[in-house]
$ cat coords-v1.csv   # CSV, C-alpha atoms
chain,number,residue,atom,x,y,z
A,1,MET,CA,108.1,45.9,146.4
A,2,ILE,CA,104.9,47.3,147.9
A,3,ASP,CA,103.0,46.4,151.1
A,4,LEU,CA,99.3,47.1,150.9
A,5,ILE,CA,97.5,47.6,154.2
A,6,GLY,CA,93.8,47.5,154.8
A,7,ASP,CA,91.4,49.7,156.8
A,8,ILE,CA,92.8,50.7,160.2
A,9,HIS,CA,89.9,52.7,161.8
A,10,GLY,CA,91.9,54.2,164.6
A,11,HIS,CA,93.7,51.0,165.7
A,12,ALA,CA,97.2,52.4,165.9
A,13,ASP,CA,98.5,49.6,168.1
A,14,LYS,CA,97.5,47.0,165.5
A,15,LEU,CA,99.1,49.2,162.8
A,16,LYS,CA,102.4,49.3,164.7
A,17,GLN,CA,102.4,45.6,165.2
A,18,LEU,CA,101.7,45.0,161.5
A,19,LEU,CA,104.4,47.4,160.4
A,20,SER,CA,106.9,45.7,162.7
A,21,LYS,CA,105.9,42.3,161.4
A,22,LEU,CA,106.5,43.6,157.9
A,23,GLY,CA,110.0,44.7,158.8
A,24,TYR,CA,109.4,48.5,159.2
A,25,THR,CA,111.2,50.3,162.0
A,26,ASP,CA,110.3,53.6,163.7
A,27,ASN,CA,113.0,56.1,162.7
A,28,ASN,CA,112.5,59.4,164.5
A,29,GLY,CA,108.7,59.0,164.3
A,30,VAL,CA,108.5,57.6,160.7
A,31,TYR,CA,108.1,53.9,160.0
A,32,GLN,CA,110.6,52.9,157.3
A,33,HIS,CA,111.8,49.9,155.4
A,34,PRO,CA,115.1,49.7,153.6
A,35,GLU,CA,113.5,48.3,150.4
A,36,ARG,CA,109.7,48.6,150.5
A,37,LYS,CA,106.9,51.1,150.7
A,38,VAL,CA,103.3,51.0,151.9
A,39,ILE,CA,100.1,51.7,150.1
A,40,PHE,CA,97.2,52.4,152.6
A,41,VAL,CA,93.8,51.7,151.1
A,42,GLY,CA,91.9,54.3,153.2
A,43,ASP,CA,89.6,54.5,156.3
A,44,TYR,CA,92.1,55.7,159.0
A,45,ILE,CA,89.5,57.4,161.2
A,46,ASP,CA,86.3,56.5,163.2
A,47,ARG,CA,85.5,53.4,165.3
A,48,GLY,CA,88.8,53.0,167.2
A,49,ARG,CA,90.2,54.9,170.1
A,50,GLN,CA,93.6,55.8,168.5
A,51,VAL,CA,92.6,57.9,165.6
A,52,ARG,CA,95.1,60.7,166.1
A,53,GLU,CA,98.0,58.3,166.5
A,54,THR,CA,96.9,56.4,163.4
A,55,LEU,CA,96.7,59.6,161.4
A,56,ARG,CA,100.1,60.7,162.7
A,57,ILE,CA,101.7,57.4,161.6
A,58,VAL,CA,100.2,57.3,158.2
A,59,ARG,CA,100.7,61.0,157.4
A,60,SER,CA,104.4,60.9,158.6
A,61,MET,CA,105.1,58.0,156.3
A,62,VAL,CA,103.4,59.7,153.3
A,63,GLU,CA,105.3,63.0,153.9
A,64,ALA,CA,108.6,61.1,154.2
A,65,ASP,CA,107.9,59.3,150.9
A,66,GLN,CA,107.6,55.9,152.7
A,67,ALA,CA,103.9,55.4,151.8
A,68,ILE,CA,101.0,56.4,149.6
A,69,ALA,CA,97.6,56.9,151.4
A,70,LEU,CA,94.4,56.7,149.4
A,71,MET,CA,91.1,58.3,150.5
A,72,GLY,CA,88.5,56.0,152.1
A,73,ASN,CA,84.8,56.7,152.4
A,74,HIS,CA,85.3,57.7,156.1
A,75,GLU,CA,87.8,60.4,155.1
A,76,TYR,CA,85.4,61.6,152.3
A,77,ASN,CA,82.5,61.6,154.8
A,78,ALA,CA,84.5,63.6,157.3
A,79,ILE,CA,85.2,66.2,154.7
A,80,CYS,CA,81.5,66.5,153.8
A,81,PHE,CA,80.5,66.4,157.5
A,82,HIS,CA,82.9,69.4,158.0
A,83,TYR,CA,82.0,71.4,154.9
A,84,GLU,CA,79.1,73.8,155.0
A,85,GLU,CA,76.6,74.0,152.2
A,86,ARG,CA,76.3,77.4,150.5
A,87,GLU,CA,72.6,77.4,151.4
A,88,GLY,CA,73.2,76.5,155.1
A,89,GLY,CA,73.8,73.2,156.9
A,90,HIS,CA,76.5,70.8,155.9
A,91,LEU,CA,77.3,68.7,152.8
A,92,ARG,CA,76.9,65.6,155.0
A,93,LYS,CA,73.9,66.1,157.2
A,94,HIS,CA,74.4,66.1,160.9
A,95,LEU,CA,71.9,63.3,161.4
A,96,ILE,CA,72.2,61.0,164.5
A,97,LYS,CA,73.5,58.1,162.4
A,98,ASN,CA,76.2,60.3,160.8
A,99,ILE,CA,77.2,61.8,164.2
A,100,LEU,CA,77.5,58.3,165.6
A,101,GLN,CA,79.8,57.2,162.7
A,102,HIS,CA,82.2,60.1,163.4
A,103,TYR,CA,81.8,60.1,167.2
A,104,GLU,CA,85.2,58.6,168.1
A,105,THR,CA,87.1,60.9,165.8
A,106,LEU,CA,85.3,64.0,166.9
A,107,LYS,CA,85.7,63.1,170.6
A,108,GLN,CA,89.5,62.6,170.2
A,109,PHE,CA,89.9,66.0,168.5
A,110,GLN,CA,87.9,67.8,171.2
A,111,ASN,CA,89.5,71.2,171.9
A,112,LEU,CA,92.0,70.5,169.1
A,113,HIS,CA,90.1,72.3,166.3
A,114,ASP,CA,93.2,73.6,164.4
A,115,GLU,CA,94.7,70.1,164.4
A,116,TYR,CA,91.5,68.6,163.1
A,117,ASN,CA,91.1,71.3,160.4
A,118,ASP,CA,94.6,70.6,159.3
A,119,TYR,CA,93.7,66.9,158.9
A,120,ILE,CA,90.6,67.7,156.9
A,121,ASP,CA,92.8,69.7,154.6
A,122,TRP,CA,95.2,66.7,154.4
A,123,PHE,CA,92.4,64.4,153.5
A,124,LYS,CA,91.8,66.4,150.4
A,125,THR,CA,95.3,65.6,149.2
A,126,LEU,CA,94.6,61.9,149.2
A,127,PRO,CA,94.1,60.3,145.8
A,128,LEU,CA,91.0,58.3,145.2
A,129,TYR,CA,92.8,55.5,143.3
A,130,TYR,CA,96.3,54.3,142.3
A,131,GLU,CA,97.5,52.4,139.3
A,132,THR,CA,100.8,51.2,137.9
A,133,ASP,CA,101.7,48.7,135.1
A,134,ALA,CA,101.5,45.9,137.7
A,135,LEU,CA,98.6,46.7,140.1
A,136,ARG,CA,95.5,48.7,140.9
A,137,VAL,CA,94.4,50.0,144.3
A,138,VAL,CA,91.2,51.6,145.4
A,139,HIS,CA,89.2,51.9,148.6
A,140,ALA,CA,86.0,50.0,147.6
A,141,CYS,CA,85.5,49.3,143.9
A,142,TRP,CA,87.5,49.5,140.7
A,143,ASP,CA,85.1,50.1,137.9
A,144,LYS,CA,86.7,51.1,134.6
A,145,LEU,CA,83.9,53.6,133.6
A,146,ASN,CA,84.0,55.3,137.0
A,147,ILE,CA,87.8,55.4,137.1
A,148,ASN,CA,88.0,56.9,133.6
A,149,PHE,CA,85.4,59.5,134.5
A,150,LEU,CA,87.3,60.4,137.7
A,151,ARG,CA,90.6,60.7,135.7
A,152,GLN,CA,88.9,63.2,133.4
A,153,HIS,CA,87.3,65.3,136.2
A,154,LEU,CA,89.4,65.2,139.3
A,155,ASP,CA,92.3,67.5,140.1
A,156,ASN,CA,95.4,65.2,139.7
A,157,ASP,CA,93.3,62.2,141.0
A,158,ARG,CA,92.2,64.3,144.0
A,159,LEU,CA,89.3,66.4,145.2
A,160,ASN,CA,89.3,70.2,145.5
A,161,ASP,CA,86.7,72.5,147.1
A,162,ALA,CA,84.6,72.9,144.0
A,163,LEU,CA,84.7,69.2,143.3
A,164,ILE,CA,83.7,68.4,146.9
A,165,HIS,CA,80.6,70.6,146.6
A,166,GLU,CA,79.8,69.0,143.2
A,167,SER,CA,80.3,65.5,144.5
A,168,ALA,CA,77.6,66.1,147.2
A,169,LYS,CA,74.9,66.7,144.7
A,170,VAL,CA,72.9,63.5,144.8
A,171,GLY,CA,72.6,61.9,141.4
A,172,SER,CA,75.2,64.0,139.7
A,173,PRO,CA,77.8,62.0,137.6
A,174,LEU,CA,80.6,62.9,140.1
A,175,TYR,CA,78.4,61.9,143.0
A,176,CYS,CA,77.7,58.5,141.4
A,177,ALA,CA,81.3,57.8,140.5
A,178,ILE,CA,82.6,58.6,143.9
A,179,GLU,CA,79.8,56.7,145.7
A,180,GLU,CA,80.8,53.5,143.8
A,181,THR,CA,84.5,54.0,144.0
A,182,LEU,CA,84.6,54.7,147.8
A,183,LYS,CA,81.5,52.8,148.9
A,184,GLY,CA,81.0,50.0,146.4
A,185,LYS,CA,78.3,48.9,144.0
A,186,GLU,CA,74.8,48.3,145.2
A,187,VAL,CA,71.7,46.8,143.7
A,188,ALA,CA,68.1,46.9,144.8
A,189,LEU,CA,66.6,43.7,146.2
A,190,PRO,CA,63.6,42.3,144.3
A,191,ASN,CA,60.0,42.4,145.4
A,192,GLY,CA,60.5,44.8,148.3
A,193,ALA,CA,62.9,42.5,150.3
A,194,THR,CA,65.0,44.0,153.1
A,195,PHE,CA,67.7,42.9,155.5
A,196,GLN,CA,69.6,44.4,158.5
A,197,ASP,CA,73.3,45.4,157.9
A,198,LYS,CA,76.1,45.0,160.4
A,199,ASP,CA,75.1,48.2,162.2
A,200,GLY,CA,71.4,47.2,162.5
A,201,ASN,CA,70.2,49.5,159.7
A,202,VAL,CA,67.4,48.2,157.5
A,203,ARG,CA,68.5,48.0,153.9
A,204,THR,CA,66.6,47.6,150.6
A,205,GLU,CA,69.8,47.3,148.6
A,206,ILE,CA,72.8,44.9,148.8
A,207,ARG,CA,76.4,45.8,148.4
A,208,ILE,CA,77.7,43.4,145.8
A,209,LYS,CA,80.9,41.4,145.1
A,210,TRP,CA,81.7,43.5,142.0
A,211,TRP,CA,84.6,41.2,141.2
A,212,GLU,CA,82.3,38.2,140.6
A,213,ASP,CA,80.3,37.2,137.5
A,214,PRO,CA,76.6,37.8,138.5
A,215,ALA,CA,75.1,35.9,135.6
A,216,ARG,CA,74.6,32.7,137.5
A,217,MET,CA,74.4,34.0,141.0
A,218,THR,CA,71.6,34.7,143.4
A,219,TYR,CA,71.2,38.0,145.3
A,220,ARG,CA,72.3,36.2,148.5
A,221,GLN,CA,75.4,34.8,146.8
A,222,LEU,CA,76.3,38.1,145.3
A,223,SER,CA,75.8,40.1,148.5
A,224,ILE,CA,79.0,40.9,150.5
A,225,GLU,CA,77.0,40.8,153.8
A,226,PRO,CA,75.5,37.4,154.4
A,227,SER,CA,71.9,37.3,155.5
A,228,ASP,CA,69.1,34.7,155.4
A,229,SER,CA,66.8,37.6,154.6
A,230,ILE,CA,68.4,38.2,151.2
A,231,PRO,CA,66.5,36.1,148.6
A,232,GLU,CA,68.0,33.2,146.7
A,233,GLU,CA,66.6,34.6,143.5
A,234,PRO,CA,68.8,34.7,140.4
A,235,VAL,CA,70.2,38.1,139.6
A,236,GLY,CA,70.0,37.6,135.8
A,237,GLU,CA,71.4,40.1,133.4
A,238,ALA,CA,70.9,43.2,135.7
A,239,LEU,CA,74.6,43.5,136.4
A,240,SER,CA,76.3,42.4,133.2
A,241,ASN,CA,79.1,45.0,133.6
A,242,ALA,CA,79.9,44.1,137.2
A,243,THR,CA,82.7,41.6,136.6
A,244,TYR,CA,86.4,42.3,137.1
A,245,TYR,CA,88.0,40.0,134.6
A,246,GLN,CA,90.4,37.3,135.6
A,247,ASP,CA,93.0,38.5,133.0
A,248,ALA,CA,93.1,42.0,134.5
A,249,LYS,CA,96.0,43.2,136.6
A,250,PRO,CA,95.7,42.5,140.3
A,251,VAL,CA,93.4,44.8,142.3
A,252,PHE,CA,93.6,45.6,146.0
A,253,PHE,CA,90.9,47.2,148.1
A,254,GLY,CA,89.4,47.4,151.6
A,255,HIS,CA,86.0,48.6,152.9
A,256,TYR,CA,84.0,45.4,153.2
A,257,TRP,CA,84.3,44.2,156.8
A,258,LEU,CA,85.0,40.6,155.8
A,259,LYS,CA,85.2,38.0,158.6
A,260,GLY,CA,87.1,34.9,159.3
A,261,THR,CA,90.6,33.9,158.1
A,262,PRO,CA,92.0,36.4,155.6
A,263,GLN,CA,92.1,34.9,152.1
A,264,LEU,CA,92.3,36.0,148.4
A,265,GLN,CA,89.0,36.5,146.6
A,266,GLY,CA,90.6,35.4,143.3
A,267,SER,CA,93.9,35.0,141.5
A,268,ASN,CA,93.9,38.8,140.9
A,269,ILE,CA,91.5,40.0,143.6
A,270,CYS,CA,92.5,40.9,147.2
A,271,CYS,CA,90.3,42.5,149.8
A,272,LEU,CA,92.3,43.7,152.8
A,273,ASP,CA,89.6,44.7,155.2
A,274,TYR,CA,89.0,42.0,157.8
A,275,SER,CA,87.1,44.0,160.5
A,276,VAL,CA,89.9,45.2,162.8
A,277,ALA,CA,87.4,47.6,164.4
A,278,LYS,CA,85.0,44.7,165.2
A,279,GLY,CA,87.6,42.4,166.8
A,280,GLY,CA,89.0,41.0,163.5
A,281,HIS,CA,92.3,41.4,161.8
A,282,LEU,CA,94.5,44.1,160.3
A,283,VAL,CA,95.8,42.7,157.0
A,284,ALA,CA,98.6,43.4,154.6
A,285,TYR,CA,99.6,41.9,151.3
A,286,ARG,CA,103.3,41.9,150.3
A,287,PHE,CA,103.3,42.6,146.5
A,288,ASP,CA,106.4,42.0,144.4
A,289,GLY,CA,104.9,42.4,140.9
A,290,GLU,CA,103.4,39.0,140.5
A,291,GLY,CA,100.4,38.7,138.1
A,292,VAL,CA,98.9,35.8,140.1
A,293,LEU,CA,98.5,36.6,143.8
A,294,GLU,CA,99.6,34.2,146.5
A,295,ARG,CA,97.8,33.4,149.7
A,296,GLY,CA,101.1,33.1,151.5
A,297,LYS,CA,101.8,36.8,151.0
A,298,LEU,CA,99.0,37.9,153.3
A,299,VAL,CA,100.4,39.2,156.6
A,300,VAL,CA,98.0,39.4,159.5
A,301,VAL,CA,97.8,40.7,163.1

$ encode --input "coords-v1.csv" --output "structure tokens"
Amino acid sequence: MIDLIGDIHGHADKLKQLLSKLGYTDNNGVYQHPERKVIFVGDYIDRGRQVRETLRIVRSMVEADQAIALMGNHEYNAICFHYEEREGGHLRKHLIKNILQHYETLKQFQNLHDEYNDYIDWFKTLPLYYETDALRVVHACWDKLNINFLRQHLDNDRLNDALIHESAKVGSPLYCAIEETLKGKEVALPNGATFQDKDGNVRTEIRIKWWEDPARMTYRQLSIEPSDSIPEEPVGEALSNATYYQDAKPVFFGHYWLKGTPQLQGSNICCLDYSVAKGGHLVAYRFDGEGVLERGKLVVV
């Protein structure tokens, strides 16, 4: 009896509305349900104007054993943006595009350095994935090889200081596993093709629907972000290991800024990110152990 909630990005009012719609009540600052718990899929910060309130709600539920909160790529990026390299600078460079991504969060913690540092420490306590006999939950991509690698190398499914520094080494096995787990799988476009993403950045790689079988799909069909600039060229065998099989246990994730009416991506596939920070929806799925997911169990505000 679990309610899974997608990316919030500092939209605490929407979160309160969704929790109320799901039957949770605010009990002395902690949202609770008499029979159910929440799993948050990550990305609590950045974009919205209620980051601190969002973090307060999520953290209070976790600490009262009313929820599990996973790490999203925005929490991971915030840790690396905050952590200094041993050689100088920061693990996540303070480039203009990175500063802009964190701008709302940094602004809302202005002159509240101790509180912000405390949340950075809390981010490190967030697991990168969650699995039971009935379901799997991850921020962006459940890849068996990556998850098995992380199981062997993380500290109780979490990052510690040494692992954070190792994960920032571009090209290292830990870097690659965390990149795909928290940010999704990408594949280079053929013949030098490019497109603009949702933030106006020019991309040479597409973020793919890793739950689909790429064997008979084109690059445009496989791309999560639709664009006429992406070629309709067959992908071929380049991504033969990208499929999440239909007989696997249900998997829930966020991250992908989907648009339109929330829906399932398959009988065992559910993306919960419908762009609340871009005027879209905050979405939950009410899971009760079913092996085949039901469209009617999506709850939307």

$ closest_atom_pairs --input "coords-v1.csv" --of "stretch 205-287 of chain A" --to "stretch 166-185 of chain A" --cutoff "7 Å" --atoms "all atoms listed in the file" --output "tab-separated table"
residue	atom	partner	partner_atom	distance
A:Arg207	CA	A:Lys185	CA	5.7
A:Ile208	CA	A:Lys185	CA	5.8
A:Trp210	CA	A:Lys185	CA	6.7

$ write_last_selection --input "coords-v1.csv" --atoms "C-alpha atoms" --output "PDB file, in the frame of the given file"
ATOM      1  CA  ARG A 207      76.400  45.800 148.400  1.00  0.00           C
ATOM      2  CA  ILE A 208      77.700  43.400 145.800  1.00  0.00           C
ATOM      3  CA  TRP A 210      81.700  43.500 142.000  1.00  0.00           C
TER       4      TRP A 210
END

$ residues_around --input "coords-v1.csv" --residues "A:Ile99" --least-positions-apart "5" --cutoff "12 Å" --atoms "all atoms listed in the file" --output "VMD selection string"
chain A and resid 46 to 47 77 to 78 81 to 82 92 to 94 104 to 107

$ atom_distance --input "coords-v1.csv" --atom1 "atom CA of A:Glu186" --atom2 "atom CA of A:Arg151"
22.2 Å

$ residues_around --input "coords-v1.csv" --residues "A:His165" --least-positions-apart "5" --cutoff "9 Å" --atoms "all atoms listed in the file" --output "MDAnalysis selection string"
chainID A and resid 80 83 85:86 91 160

$ residues_around --input "coords-v1.csv" --residues "stretch 188-201 of chain A" --least-positions-apart "4" --cutoff "12 Å" --atoms "only C-alpha atoms" --output "ChimeraX atom specification"
/A:97,100-101,205-208,218-220,222-236,238-239,256-259,275,278

$ closest_residue --input "coords-v1.csv" --among "A:Lys37, A:His153, A:Arg286, A:His281" --to "A:Leu15" --atoms "all atoms listed in the file"
A:His281

$ atom_distance --input "coords-v1.csv" --atom1 "atom CA of A:Leu70" --atom2 "atom CA of A:Gln221"
29.1 Å

$ residues_around --input "coords-v1.csv" --residues "stretch 49-52 of chain A" --least-positions-apart "3" --cutoff "8 Å" --atoms "only C-alpha atoms" --output "list in words"
His9, Gly10, His11, Ala12, Asp13, Tyr44, Ile45, Asp46, Leu55, Arg56, Glu104, Thr105, Gln108 and Phe109 of chain A

$ residues_near_point --input "coords-v1.csv" --point "(106.4, 47.6, 149.9)" --cutoff "6 Å" --atoms "all atoms listed in the file" --output "list in words"
Met1, Ile2, Asp3, Arg36, Lys37 and Val38 of chain A

$ closest_residue --input "coords-v1.csv" --among "A:Val187, A:Val299, A:Glu294, A:Tyr24" --to "A:Pro214" --atoms "all atoms listed in the file"
A:Val187

$ closest_residue --input "coords-v1.csv" --among "A:Val41, A:Leu128, A:Leu95, A:Ala134" --to "A:Asp273" --atoms "all atoms listed in the file"
A:Val41
